[in-house]
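Inspection log for the structure reproduced underneath, given as structure tokens.
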Amino acid sequence: MDTVLVGGSVFLVAAGAIFLGIDRIGKSDMPERRKRLLTYLLMGGLVALTIGIFHWHRAVYLANYNTG
């Protein structure tokens, strides 16, 4: 399995969806505090997803190529 291709594709799709969500939140008539909070939560989710993808790639790589 090519974890770089799969992980990169998942990241790009998620990042696109998150940035579209942030754009819609920015154009909404919500209070500014709620907009800011939701934006931070979405960006934090993207960071967490990125860390998860790197962890998954590392685990698969070590399982496949561990010579120990």
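Lettering and numbering for the structure tokens are positional, with chains as A, B, ... in the shown order, residues counted from 1 in each chain, and ligands counted from 1 in the shown order.
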**Message:** At a cut-off of 7 Å, using only C-alpha atoms, what residues contact region 39-52 of chain A? Leave out same-chain residues fewer than 2 positions from it and give the result as a list in words.
**Reply:** Phe11, Ala15, Ile18, Ile22, Lys35, Arg36, Leu37, Phe54, His55 and Trp56 of chain A
**Request:** For each of A:Ile53, A:Leu5, A:Leu12, A:Leu38, take the minimum atom-to-atom distance to Gly26 (chain A), counting only C-alpha atoms, then give the residue where this is smallest.
**Result:**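 Once distances to Gly26 (chain A) are computed over only C-alpha atoms, the minimum belongs to A:Leu38.
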**Request:** Figure out the distance between CA of Ala63 (chain A) and CA of Val10 (chain A), please, to one decimal in Å.
**Result:**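 Separating CA of Val10 (chain A) from CA of Ala63 (chain A) is a distance of 21.2 Å.
If you look at CA of Val4 (chain A) and CA of Tyr65 (chain A), they are 14.9 Å away from each other.
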**Asked** CA of Ser9 (chain A) to CA of His57 (chain A): how many Å, to one decimal?
**Response** 13.0 Å
